[in-house]
Amino acid sequence: MMKKLFLFSFAFLVSVFFLLIYIGNVTPPNIKEKPLTIEEIKKTSQFFPKKDWQVHNVFLTGNAFERGQQYAYWTQDLLFKQERSLLKKLDEIFPWTPTQYGIAFFSMAWFQGLENYLKANWLEEMYGVSLFGSKERIFFATPFTRQIAYHGIHDMGQMMIDQGFVLGACSQIAIPQDEGWLIGRNFDFEAGRVFDEDKVMKWVFPDKGEAFVSVVFSGMVGVITGINQKGVYVAINAAGSSDFTRVGTPTTLIALDALQNAQSATEAVEIIKKAHSLITEIFVVADKKSMVYIVEKTPERVRVLKKQTAQAITNHLQHPDFKEDEINQRRMKNNTTLVRQEQIWSEIDSIKDEFSMAQALRTKFRLEGEEVLGHRSSVDALIASHSVVYNSKRQRLYVSEGPSLKNRFIGFDLKESFQQKSPVLIDPLPQDPDLMGFNYYQLRGQISDLNEIRDVAQSGDCETAGDLFAEINPTLFANHYSFYWSRAEIELCRKDKARALRYFLKARKLEPAYLHEKEHINENIANLKD
């Protein structure tokens with residue numbers, strides 16, 4: 001009997017396994033035209049590498065299928081690096097391989113039918129990209145299926161934030177000027193250095209619609225931050241609400257639709273309103289006129305805030321209709337969105353031009369008048385994969401060179417770049433004076449090391465945790481709670497309660513960024529005082 005049960009269970013699992021693979025992989029679109037030759041790609045598109053232009057620039061023309069091939073051909077090395085970086089990040093979050101496969105198969109089944117919410121030209125461009133992507137079947141997914149899946153990474157990331165698996169933050173600032181807006185934004189995305197150091201300025205001259213530029217990753221069809229030739233600005237900020245749908249359109253593709261098909265901010269807002277979004281998102285939309293639009297869109301509702309005054313936008317919904325929303329309240333309570341918004345408001349009056357906007361985007365969390373580098377409550381927590389400054393009146397765009405906001409913002413004359421179909425540079429904005437003399441990678445690496453040290457100490461390996469802590473540079477973290485929290489966990493592991501309590505108290509005084517961190521530290525303090 002047990003043998004029969006085992007065989008039945010095995011047969012059932014194998015059947016489910018292949019069923020998920022079958023229904024999960026998406027059939028490519030039926031495109032009659034032949035793929036472009038390498039010679040045709042080189043004639044119809046151009047690539048301007050970072051080594052010569054400080055930021056990668058690619059100029060694409062033609063229909064969606066052609067543009068996808070052009071884009072992937074020029075950036076295919078970056079595509080491979082990105083895919084490896086994403087898999088490494090998955091290993092960090094879910095180190096057990098069976099869990100990864102379980103998530104992959106669940107996602108295949110859960111998002112079955114997602115392609116029905118994607119326009120034909122988007123699918124055609126993704127298919128063009130997939131022709132130059134890695135041919136291996138990662139998690140049994142075809143290159144084309146993975147292309148679709150990658151466009152939902154932002155959306156899946158937001159779902160994971162609300163479940164407590166990952167943390168995230170983005171900030172935008174909008175300042176009215178005569179005949180236009182001065183806008184700044186930080187896009188925080190921690191999936192690997194390639195997404196920051198090898199960001200791409202994607203200049204698109206489509207066969208239908210408006211030409212536009214977007215700051216994205218290699219192979220990406222959707223838009224995170226972009227401006228079209230009519231001066232319409234569209235950028236997204238993550239948010240959360242209790243509204244839910246199983247499938248819908250990824251928000252980066254909604255932003256693309258608005259950018260490519262709108263001649264004004266009002267037209268862009270209407271396009272965004274009509275879309276069926278997969279997650280809750282904040283769209284910031286502006287042009288050369290007097291109004292900026294903050295579109296707060298969920299899978300079930302959309303609310304538009306029309307503003308003519310300076311605005312600070314982070315990661316919570318501000319419309320009164322969302323005031324009591326459970327997830328929105330959780331984000332405000334648990335994460336850093338309110339603290340960062342307050343920091344922006346404290347700097348808002350000092351923003352007069354592109355330079356002061358860049359400095360506002362570099363705002364660091366402060367304690368007793370001192371900056372705390374790498375504190376996650378900062379507008380600039382040293383984790384942005386791109387940052388931009390946009391002057392809609394003068395049609396100037398500045399893009400962070402990387403890493404993060406440490407170095408210069410490279411300037412582009414948008415009007416001339418669109419006309420000449422090649423990047424036209426203007427004077428850059430200078431590097432961050434607060435980070436001069438600091439090794440950015442050492443700083444970021446040691447912040448990550450402190451997180452690892454706490455995990456090691458909590459696992460009971462006191463000696464290894466202590467050895468790792470000895471390699472931390474204390475001068476970098478004299479006022480950072482993470483340093484003292486890690487020291488406290490080591491002393492707790494060693495059973496030295498008095499020293500552990502001292503360091504937990506010090507960590508609490510230095511204001512941890514997240515509610516769950518504060519609760520953990522307070523719980524240990526209470527236990528040690530008993």
# chains A, B, ... in the order shown; residues from 1 in each chain; ligands from 1
call {"tool": "residues_around", "arguments": {"residues": "Leu429 of chain A", "least_positions_apart": "6", "cutoff": "8 Å", "atoms": "only C-alpha atoms", "output": "PyMOL selection string"}}
result
chain A and resi 354-355+358+398+408-411
call {"tool": "write_last_selection", "arguments": {"atoms": "all heavy atoms", "output": "CSV table (one decimal), in the first residue's frame"}}
result
chain,number,residue,atom,x,y,z
A,354,GLU,N,19.4,73.5,-10.6
A,354,GLU,CA,19.8,72.1,-10.8
A,354,GLU,C,20.8,71.7,-9.7
A,354,GLU,O,20.7,70.5,-9.2
A,354,GLU,CB,20.3,71.8,-12.2
A,354,GLU,CG,19.3,72.0,-13.3
A,354,GLU,CD,19.4,73.3,-14.0
A,354,GLU,OE1,19.8,74.3,-13.3
A,354,GLU,OE2,19.0,73.4,-15.1
A,355,PHE,N,21.8,72.5,-9.4
A,355,PHE,CA,22.8,72.2,-8.4
A,355,PHE,C,22.2,71.9,-7.1
A,355,PHE,O,22.4,70.9,-6.4
A,355,PHE,CB,23.8,73.3,-8.4
A,355,PHE,CG,24.8,73.1,-7.2
A,355,PHE,CD1,25.8,72.2,-7.3
A,355,PHE,CD2,24.7,73.8,-6.1
A,355,PHE,CE1,26.7,72.0,-6.3
A,355,PHE,CE2,25.6,73.7,-5.0
A,355,PHE,CZ,26.6,72.7,-5.1
A,358,ALA,N,20.3,68.7,-6.9
A,358,ALA,CA,21.1,67.5,-6.7
A,358,ALA,C,21.6,67.4,-5.3
A,358,ALA,O,21.6,66.3,-4.7
A,358,ALA,CB,22.3,67.6,-7.6
A,398,TYR,N,19.9,65.7,-16.1
A,398,TYR,CA,21.1,65.3,-15.5
A,398,TYR,C,20.9,63.9,-14.8
A,398,TYR,O,19.9,63.7,-14.1
A,398,TYR,CB,21.5,66.3,-14.4
A,398,TYR,CG,21.7,67.7,-14.9
A,398,TYR,CD1,20.7,68.6,-15.1
A,398,TYR,CD2,23.0,68.2,-15.2
A,398,TYR,CE1,20.9,69.9,-15.6
A,398,TYR,CE2,23.2,69.4,-15.7
A,398,TYR,CZ,22.2,70.3,-15.9
A,398,TYR,OH,22.4,71.6,-16.3
A,408,ARG,N,29.5,62.8,-10.2
A,408,ARG,CA,28.8,63.8,-10.9
A,408,ARG,C,27.5,63.4,-11.5
A,408,ARG,O,27.2,62.2,-11.6
A,408,ARG,CB,29.7,64.3,-12.1
A,408,ARG,CG,31.0,64.9,-11.7
A,408,ARG,CD,31.8,65.2,-12.9
A,408,ARG,NE,32.0,64.0,-13.8
A,408,ARG,CZ,32.5,64.0,-15.0
A,408,ARG,NH1,32.9,65.1,-15.5
A,408,ARG,NH2,32.7,62.9,-15.7
A,409,PHE,N,26.6,64.4,-11.8
A,409,PHE,CA,25.4,64.2,-12.6
A,409,PHE,C,25.8,64.6,-14.0
A,409,PHE,O,26.1,65.8,-14.2
A,409,PHE,CB,24.3,65.0,-12.1
A,409,PHE,CG,23.6,64.4,-10.9
A,409,PHE,CD1,24.2,64.2,-9.7
A,409,PHE,CD2,22.2,64.0,-11.0
A,409,PHE,CE1,23.5,63.7,-8.6
A,409,PHE,CE2,21.5,63.5,-9.9
A,409,PHE,CZ,22.2,63.3,-8.7
A,410,ILE,N,25.7,63.7,-15.0
A,410,ILE,CA,26.1,64.0,-16.3
A,410,ILE,C,24.9,64.7,-17.0
A,410,ILE,O,23.7,64.3,-16.9
A,410,ILE,CB,26.4,62.7,-17.1
A,410,ILE,CG1,27.5,61.9,-16.4
A,410,ILE,CG2,26.9,63.1,-18.5
A,410,ILE,CD1,28.7,62.7,-16.0
A,411,GLY,N,25.2,65.9,-17.7
A,411,GLY,CA,24.1,66.7,-18.2
A,411,GLY,C,23.9,66.5,-19.7
A,411,GLY,O,24.8,66.3,-20.5
call {"tool": "residues_around", "arguments": {"residues": "segment 230-236 of chain A", "least_positions_apart": "5", "cutoff": "9 Å", "atoms": "only C-alpha atoms", "output": "NGL selection string"}}
result
:A and (170 or 172 or 185 or 187 or 210-212 or 223-225 or 251-252 or 255-256 or 258-259 or 262-265 or 268 or 281-288 or 390 or 392-393 or 395 or 414)
call {"tool": "residues_around", "arguments": {"residues": "Thr475 of chain A", "least_positions_apart": "4", "cutoff": "12 Å", "atoms": "only C-alpha atoms", "output": "VMD selection string"}}
result
chain A and resid 372 to 373 438 443 446 471 479 to 480 483
call {"tool": "closest_residue", "arguments": {"among": "A:Asn237, A:Gln343, A:Gln76, A:Ser350", "to": "Lys364 of chain A", "atoms": "only C-alpha atoms"}}
result
A:Gln343
call {"tool": "closest_residue", "arguments": {"among": "A:Val424, A:Ile41, A:Ala149, A:Met126", "to": "Leu114 of chain A", "atoms": "only C-alpha atoms"}}
result
A:Ala149
call {"tool": "closest_residue", "arguments": {"among": "A:Ile426, A:Leu382, A:Ala488, A:Ile254", "to": "Asn439 of chain A", "atoms": "only C-alpha atoms"}}
result
A:Leu382
call {"tool": "atom_distance", "arguments": {"atom1": "atom CA of Ser422 of chain A", "atom2": "atom CA of Gly184 of chain A"}}
result
23.5 Å
call {"tool": "select_by_dssp", "arguments": {"residues": "segment 162-331 of chain A", "states": "strand (DSSP E)", "output": "PyMOL selection string"}}
result
chain A and resi 170-177+180-188+200-206+212-216+225-228+233-238+281-286+292-297+302-307+311-313
call {"tool": "write_last_selection", "arguments": {"atoms": "C-alpha atoms", "output": "JSON list (two decimals), in the first residue's frame"}}
result
[["chain", "number", "residue", "atom", "x", "y", "z"],
["A", 170, "CYS", "CA", 12.37, 56.08, -3.58],
["A", 171, "SER", "CA", 12.05, 59.85, -3.34],
["A", 172, "GLN", "CA", 10.92, 62.59, -5.73],
["A", 173, "ILE", "CA", 10.97, 66.38, -5.40],
["A", 174, "ALA", "CA", 9.04, 68.81, -7.62],
["A", 175, "ILE", "CA", 9.65, 72.57, -7.54],
["A", 176, "PRO", "CA", 7.59, 74.99, -9.69],
["A", 177, "GLN", "CA", 9.47, 77.48, -11.83],
["A", 180, "GLY", "CA", 7.85, 74.59, -15.97],
["A", 181, "TRP", "CA", 9.14, 72.38, -13.19],
["A", 182, "LEU", "CA", 12.44, 71.43, -11.62],
["A", 183, "ILE", "CA", 12.19, 67.76, -10.65],
["A", 184, "GLY", "CA", 14.59, 65.45, -8.86],
["A", 185, "ARG", "CA", 14.30, 61.76, -8.10],
["A", 186, "ASN", "CA", 16.22, 58.92, -6.46],
["A", 187, "PHE", "CA", 15.38, 55.40, -7.58],
["A", 188, "ASP", "CA", 16.59, 52.95, -4.93],
["A", 200, "VAL", "CA", 21.46, 52.91, -19.70],
["A", 201, "MET", "CA", 20.07, 56.11, -21.23],
["A", 202, "LYS", "CA", 17.65, 54.56, -23.70],
["A", 203, "TRP", "CA", 16.72, 56.99, -26.50],
["A", 204, "VAL", "CA", 13.76, 55.63, -28.49],
["A", 205, "PHE", "CA", 12.57, 56.90, -31.88],
["A", 206, "PRO", "CA", 9.59, 54.62, -32.52],
["A", 212, "PHE", "CA", 11.56, 59.59, -25.58],
["A", 213, "VAL", "CA", 14.50, 58.92, -23.33],
["A", 214, "SER", "CA", 14.37, 56.76, -20.21],
["A", 215, "VAL", "CA", 16.92, 55.84, -17.57],
["A", 216, "VAL", "CA", 16.67, 52.06, -17.32],
["A", 225, "THR", "CA", 12.11, 57.57, -15.18],
["A", 226, "GLY", "CA", 11.60, 59.17, -18.58],
["A", 227, "ILE", "CA", 10.96, 62.30, -20.64],
["A", 228, "ASN", "CA", 9.58, 62.47, -24.18],
["A", 233, "TYR", "CA", 8.03, 63.67, -17.56],
["A", 234, "VAL", "CA", 6.81, 60.35, -16.13],
["A", 235, "ALA", "CA", 8.41, 58.53, -13.19],
["A", 236, "ILE", "CA", 7.20, 55.93, -10.71],
["A", 237, "ASN", "CA", 7.51, 55.61, -6.94],
["A", 238, "ALA", "CA", 6.62, 52.40, -5.16],
["A", 281, "GLU", "CA", 2.07, 52.75, -7.64],
["A", 282, "ILE", "CA", 2.64, 56.50, -7.51],
["A", 283, "PHE", "CA", 3.15, 58.13, -10.92],
["A", 284, "VAL", "CA", 4.60, 61.65, -10.98],
["A", 285, "VAL", "CA", 3.71, 63.42, -14.23],
["A", 286, "ALA", "CA", 4.67, 66.91, -15.40],
["A", 292, "VAL", "CA", 2.33, 68.60, -11.56],
["A", 293, "TYR", "CA", 0.20, 65.47, -11.22],
["A", 294, "ILE", "CA", 0.64, 62.85, -8.51],
["A", 295, "VAL", "CA", -1.33, 59.83, -9.73],
["A", 296, "GLU", "CA", -1.93, 57.31, -6.94],
["A", 297, "LYS", "CA", -3.07, 54.16, -8.69],
["A", 302, "VAL", "CA", -7.01, 55.83, -9.02],
["A", 303, "ARG", "CA", -6.77, 59.23, -7.38],
["A", 304, "VAL", "CA", -5.09, 62.27, -8.94],
["A", 305, "LEU", "CA", -3.55, 65.06, -6.88],
["A", 306, "LYS", "CA", -3.09, 68.23, -8.96],
["A", 307, "LYS", "CA", -0.45, 70.52, -7.49],
["A", 311, "GLN", "CA", 5.95, 68.67, -3.59],
["A", 312, "ALA", "CA", 7.77, 65.87, -1.72],
["A", 313, "ILE", "CA", 6.83, 62.36, -2.83]]
call {"tool": "closest_residue", "arguments": {"among": "A:Pro49, A:Ile344, A:Glu92, A:Ser404", "to": "Tyr441 of chain A", "atoms": "only C-alpha atoms"}}
result
A:Ser404
call {"tool": "atom_distance", "arguments": {"atom1": "atom CA of Thr44 of chain A", "atom2": "atom CA of Thr61 of chain A"}}
result
6.3 Å
call {"tool": "residues_around", "arguments": {"residues": "Glu401 of chain A", "least_positions_apart": "4", "cutoff": "10 Å", "atoms": "only C-alpha atoms", "output": "CSV table (one decimal) with N, CA, C and O atoms, in the first residue's frame"}}
result
chain,number,residue,atom,x,y,z
A,50,LYS,N,29.8,53.9,-21.9
A,50,LYS,CA,30.1,54.7,-20.7
A,50,LYS,C,31.5,55.2,-20.6
A,50,LYS,O,31.8,56.3,-20.1
A,53,TRP,N,31.3,58.3,-22.5
A,53,TRP,CA,30.2,59.2,-22.3
A,53,TRP,C,29.7,59.3,-20.8
A,53,TRP,O,28.7,59.9,-20.5
A,54,GLN,N,30.4,58.6,-19.9
A,54,GLN,CA,30.1,58.6,-18.5
A,54,GLN,C,28.9,57.8,-18.1
A,54,GLN,O,28.8,57.3,-17.0
A,55,VAL,N,27.9,57.7,-19.0
A,55,VAL,CA,26.7,56.9,-18.8
A,55,VAL,C,26.5,56.2,-20.2
A,55,VAL,O,26.6,56.9,-21.2
A,56,HIS,N,26.1,54.9,-20.2
A,56,HIS,CA,25.8,54.3,-21.5
A,56,HIS,C,24.6,55.0,-22.1
A,56,HIS,O,23.6,55.3,-21.5
A,196,ASP,N,23.4,50.0,-11.2
A,196,ASP,CA,23.8,51.3,-10.9
A,196,ASP,C,24.9,51.8,-11.9
A,196,ASP,O,24.8,52.7,-12.6
A,197,GLU,N,26.0,51.0,-11.9
A,197,GLU,CA,27.1,51.4,-12.6
A,197,GLU,C,27.0,51.2,-14.1
A,197,GLU,O,27.6,51.9,-14.9
A,198,ASP,N,26.0,50.4,-14.6
A,198,ASP,CA,25.8,50.2,-16.0
A,198,ASP,C,24.4,50.5,-16.4
A,198,ASP,O,23.8,49.9,-17.2
A,199,LYS,N,23.8,51.5,-15.7
A,199,LYS,CA,22.5,52.0,-16.1
A,199,LYS,C,22.6,52.5,-17.6
A,199,LYS,O,23.7,52.8,-18.1
A,385,SER,N,20.1,53.3,-7.5
A,385,SER,CA,20.6,52.8,-8.8
A,385,SER,C,20.6,53.9,-9.9
A,385,SER,O,21.4,53.8,-10.8
A,386,HIS,N,19.7,54.9,-9.7
A,386,HIS,CA,19.9,56.1,-10.6
A,386,HIS,C,19.2,57.2,-9.9
A,386,HIS,O,18.3,57.1,-9.1
A,387,SER,N,19.7,58.4,-10.2
A,387,SER,CA,19.2,59.7,-9.7
A,387,SER,C,19.2,60.6,-10.9
A,387,SER,O,20.1,60.7,-11.7
A,388,VAL,N,18.1,61.5,-11.0
A,388,VAL,CA,18.1,62.4,-12.1
A,388,VAL,C,17.6,63.8,-11.6
A,388,VAL,O,16.9,63.9,-10.6
A,405,LEU,N,24.9,58.4,-5.8
A,405,LEU,CA,24.9,59.8,-6.1
A,405,LEU,C,26.3,60.4,-5.7
A,405,LEU,O,26.4,61.6,-5.6
A,406,LYS,N,27.3,59.6,-5.5
A,406,LYS,CA,28.6,60.0,-5.1
A,406,LYS,C,29.3,61.0,-6.1
A,406,LYS,O,29.8,62.0,-5.7
A,407,ASN,N,29.3,60.6,-7.3
A,407,ASN,CA,30.0,61.3,-8.3
A,407,ASN,C,29.1,62.3,-9.1
A,407,ASN,O,28.0,62.7,-8.6
A,408,ARG,N,29.5,62.8,-10.2
A,408,ARG,CA,28.8,63.8,-10.9
A,408,ARG,C,27.5,63.4,-11.5
A,408,ARG,O,27.2,62.2,-11.6
A,409,PHE,N,26.6,64.4,-11.8
A,409,PHE,CA,25.4,64.2,-12.6
A,409,PHE,C,25.8,64.6,-14.0
A,409,PHE,O,26.1,65.8,-14.2
A,410,ILE,N,25.7,63.7,-15.0
A,410,ILE,CA,26.1,64.0,-16.3
A,410,ILE,C,24.9,64.7,-17.0
A,410,ILE,O,23.7,64.3,-16.9
A,411,GLY,N,25.2,65.9,-17.7
A,411,GLY,CA,24.1,66.7,-18.2
A,411,GLY,C,23.9,66.5,-19.7
A,411,GLY,O,24.8,66.3,-20.5
A,428,PRO,N,28.4,69.1,-16.4
A,428,PRO,CA,27.8,68.2,-15.4
A,428,PRO,C,27.6,69.0,-14.1
A,428,PRO,O,28.1,70.1,-13.9
A,431,GLN,N,30.3,66.4,-8.0
A,431,GLN,CA,30.2,65.3,-7.1
A,431,GLN,C,29.8,65.7,-5.7
A,431,GLN,O,29.8,66.9,-5.4
call {"tool": "closest_residue", "arguments": {"among": "A:Arg330, A:Ile521, A:Gln419, A:Tyr514", "to": "Ser486 of chain A", "atoms": "only C-alpha atoms"}}
result
A:Ile521
call {"tool": "atom_distance", "arguments": {"atom1": "atom CA of Asp91 of chain A", "atom2": "atom CA of Leu78 of chain A"}}
result
19.9 Å
call {"tool": "residues_around", "arguments": {"residues": "His276 of chain A", "least_positions_apart": "5", "cutoff": "10 Å", "atoms": "only C-alpha atoms", "output": "JSON, numbers by chain"}}
result
{"A": [117, 245, 247, 248, 249, 250, 251, 254, 297, 298, 299, 300, 301]}
call {"tool": "residues_around", "arguments": {"residues": "segment 189-194 of chain A", "least_positions_apart": "4", "cutoff": "10 Å", "atoms": "only C-alpha atoms", "output": "short mmCIF file (atom, residue, chain, number, x, y, z; two decimals) with N, CA, C and O atoms, in the first residue's frame"}}
result
data_model
loop_
_atom_site.label_atom_id
_atom_site.label_comp_id
_atom_site.auth_asym_id
_atom_site.auth_seq_id
_atom_site.Cartn_x
_atom_site.Cartn_y
_atom_site.Cartn_z
N LEU A 78 25.76 43.35 -20.73
CA LEU A 78 25.12 43.86 -19.51
C LEU A 78 23.93 43.00 -19.14
O LEU A 78 23.65 42.80 -17.94
N LEU A 79 23.22 42.49 -20.13
CA LEU A 79 22.08 41.61 -19.86
C LEU A 79 22.52 40.39 -19.07
O LEU A 79 21.86 39.98 -18.11
N LYS A 81 25.20 40.08 -17.18
CA LYS A 81 25.60 40.50 -15.85
C LYS A 81 24.39 40.74 -14.95
O LYS A 81 24.38 40.37 -13.78
N GLN A 82 23.36 41.35 -15.51
CA GLN A 82 22.14 41.63 -14.73
C GLN A 82 21.46 40.34 -14.29
O GLN A 82 21.02 40.22 -13.14
N GLU A 83 21.37 39.38 -15.20
CA GLU A 83 20.70 38.13 -14.87
C GLU A 83 21.45 37.40 -13.76
O GLU A 83 20.84 36.88 -12.82
N ARG A 84 22.75 37.41 -13.83
CA ARG A 84 23.55 36.77 -12.78
C ARG A 84 23.38 37.51 -11.46
O ARG A 84 23.33 36.91 -10.39
N SER A 85 23.31 38.82 -11.53
CA SER A 85 23.15 39.62 -10.32
C SER A 85 21.79 39.35 -9.67
O SER A 85 21.69 39.25 -8.44
N LEU A 86 20.75 39.21 -10.48
CA LEU A 86 19.42 38.91 -9.94
C LEU A 86 19.39 37.54 -9.28
O LEU A 86 18.78 37.36 -8.21
N LEU A 87 20.06 36.58 -9.88
CA LEU A 87 20.11 35.24 -9.28
C LEU A 87 20.89 35.25 -7.97
O LEU A 87 20.53 34.55 -7.02
N LYS A 88 21.94 36.07 -7.92
CA LYS A 88 22.71 36.19 -6.68
C LYS A 88 21.84 36.80 -5.58
O LYS A 88 21.89 36.36 -4.43
N LYS A 89 21.05 37.81 -5.93
CA LYS A 89 20.16 38.43 -4.95
C LYS A 89 19.11 37.43 -4.47
O LYS A 89 18.76 37.40 -3.29
N LEU A 90 18.62 36.59 -5.39
CA LEU A 90 17.66 35.56 -5.00
C LEU A 90 18.30 34.60 -4.01
O LEU A 90 17.66 34.18 -3.03
N HIS A 154 9.89 44.78 -10.42
CA HIS A 154 9.54 45.93 -9.58
C HIS A 154 8.24 45.65 -8.85
O HIS A 154 8.12 45.89 -7.64
N GLY A 157 8.70 43.02 -6.24
CA GLY A 157 9.45 43.60 -5.12
C GLY A 157 8.54 44.34 -4.16
O GLY A 157 8.73 44.26 -2.94
N VAL A 166 11.77 42.18 1.82
CA VAL A 166 12.79 43.12 1.39
C VAL A 166 12.38 44.52 1.81
O VAL A 166 11.24 44.76 2.22
N LEU A 167 13.32 45.46 1.69
CA LEU A 167 13.07 46.85 2.03
C LEU A 167 13.30 47.71 0.79
O LEU A 167 14.08 47.35 -0.07
N GLY A 168 12.63 48.84 0.71
CA GLY A 168 12.81 49.67 -0.47
C GLY A 168 12.46 51.12 -0.19
O GLY A 168 11.76 51.43 0.77
N ALA A 169 12.96 52.01 -1.04
CA ALA A 169 12.70 53.43 -0.84
C ALA A 169 13.00 54.19 -2.12
O ALA A 169 13.98 53.89 -2.80
N CYS A 170 12.14 55.16 -2.47
CA CYS A 170 12.37 56.08 -3.58
C CYS A 170 11.85 57.45 -3.17
O CYS A 170 10.89 57.54 -2.40
N ASP A 198 26.03 50.38 -14.55
CA ASP A 198 25.80 50.18 -15.98
C ASP A 198 24.37 50.52 -16.38
O ASP A 198 23.78 49.88 -17.25
N LYS A 199 23.81 51.54 -15.72
CA LYS A 199 22.50 52.04 -16.15
C LYS A 199 22.60 52.51 -17.60
O LYS A 199 23.68 52.84 -18.10
N PHE A 217 17.52 49.82 -17.25
CA PHE A 217 18.53 48.77 -17.24
C PHE A 217 18.59 48.15 -18.63
O PHE A 217 17.68 48.29 -19.43
N SER A 218 19.64 47.43 -18.88
CA SER A 218 19.79 46.76 -20.16
C SER A 218 18.60 45.83 -20.43
O SER A 218 18.15 45.10 -19.55
N ILE A 383 22.09 54.01 -1.80
CA ILE A 383 21.62 52.78 -2.45
C ILE A 383 20.91 53.05 -3.78
O ILE A 383 20.38 52.12 -4.40
N ALA A 384 20.86 54.30 -4.24
CA ALA A 384 20.13 54.60 -5.48
C ALA A 384 20.84 53.98 -6.68
O ALA A 384 22.05 54.10 -6.84
N SER A 385 20.06 53.33 -7.55
CA SER A 385 20.63 52.80 -8.78
C SER A 385 20.61 53.87 -9.88
O SER A 385 21.36 53.77 -10.85
N HIS A 386 19.74 54.86 -9.74
CA HIS A 386 19.90 56.06 -10.55
C HIS A 386 19.21 57.24 -9.88
O HIS A 386 18.28 57.08 -9.09
N GLY A 402 27.18 57.53 -10.98
CA GLY A 402 27.42 56.36 -10.17
C GLY A 402 28.85 56.35 -9.63
O GLY A 402 29.72 57.08 -10.14
N PRO A 403 29.13 55.60 -8.57
CA PRO A 403 28.15 54.79 -7.85
C PRO A 403 27.16 55.64 -7.06
O PRO A 403 27.56 56.62 -6.43
N SER A 404 25.89 55.26 -7.12
CA SER A 404 24.81 55.97 -6.47
C SER A 404 24.90 57.46 -6.80
O SER A 404 25.02 57.83 -7.97
#
call {"tool": "residues_around", "arguments": {"residues": "segment 22-39 of chain A", "least_positions_apart": "3", "cutoff": "10 Å", "atoms": "only C-alpha atoms", "output": "PyMOL selection string"}}
result
chain A and resi 16-19+42-44+65-67+69-70+73+104-115+120-121+123-128+130-131+140-146+148
call {"tool": "write_last_selection", "arguments": {"atoms": "C-alpha atoms", "output": "mmCIF file, in the first residue's frame"}}
result
data_model
loop_
_atom_site.group_PDB
_atom_site.id
_atom_site.type_symbol
_atom_site.label_atom_id
_atom_site.label_comp_id
_atom_site.auth_asym_id
_atom_site.auth_seq_id
_atom_site.Cartn_x
_atom_site.Cartn_y
_atom_site.Cartn_z
ATOM 1 C CA VAL A 16 2.317 18.994 -11.798
ATOM 2 C CA PHE A 17 5.974 19.800 -12.471
ATOM 3 C CA PHE A 18 5.626 19.474 -16.248
ATOM 4 C CA LEU A 19 2.208 21.109 -16.255
ATOM 5 C CA LYS A 42 24.485 48.787 -36.816
ATOM 6 C CA LYS A 43 22.917 50.876 -39.589
ATOM 7 C CA THR A 44 19.694 51.618 -37.727
ATOM 8 C CA PHE A 65 10.642 44.061 -32.790
ATOM 9 C CA GLU A 66 13.537 45.883 -34.449
ATOM 10 C CA ARG A 67 14.186 48.093 -31.413
ATOM 11 C CA GLN A 69 16.961 43.430 -31.210
ATOM 12 C CA GLN A 70 18.956 46.656 -31.454
ATOM 13 C CA TYR A 73 22.613 43.525 -29.361
ATOM 14 C CA ALA A 104 9.541 29.928 -9.643
ATOM 15 C CA PHE A 105 6.900 27.255 -10.253
ATOM 16 C CA PHE A 106 4.355 29.031 -8.070
ATOM 17 C CA SER A 107 4.977 32.249 -10.004
ATOM 18 C CA MET A 108 4.502 30.456 -13.321
ATOM 19 C CA ALA A 109 1.091 29.236 -12.202
ATOM 20 C CA TRP A 110 0.055 32.378 -10.310
ATOM 21 C CA PHE A 111 0.857 34.801 -13.134
ATOM 22 C CA GLN A 112 -0.596 32.620 -15.861
ATOM 23 C CA GLY A 113 -2.295 34.991 -18.304
ATOM 24 C CA LEU A 114 -0.140 38.018 -17.458
ATOM 25 C CA GLU A 115 0.798 38.323 -21.130
ATOM 26 C CA ALA A 120 1.413 43.445 -28.795
ATOM 27 C CA ASN A 121 4.216 45.925 -29.446
ATOM 28 C CA LEU A 123 5.676 41.642 -26.440
ATOM 29 C CA GLU A 124 7.330 42.098 -29.816
ATOM 30 C CA GLU A 125 10.061 44.274 -28.314
ATOM 31 C CA MET A 126 10.603 41.788 -25.482
ATOM 32 C CA TYR A 127 10.845 38.984 -27.997
ATOM 33 C CA GLY A 128 13.436 40.978 -29.945
ATOM 34 C CA SER A 130 15.203 37.700 -25.955
ATOM 35 C CA LEU A 131 16.885 36.779 -29.240
ATOM 36 C CA PHE A 140 13.012 26.046 -16.863
ATOM 37 C CA ALA A 141 11.815 29.414 -18.191
ATOM 38 C CA THR A 142 12.593 30.309 -21.808
ATOM 39 C CA PRO A 143 14.464 33.551 -22.612
ATOM 40 C CA PHE A 144 11.216 35.186 -23.795
ATOM 41 C CA THR A 145 9.326 34.101 -20.671
ATOM 42 C CA ARG A 146 12.120 35.524 -18.522
ATOM 43 C CA ILE A 148 8.277 39.122 -19.425
#
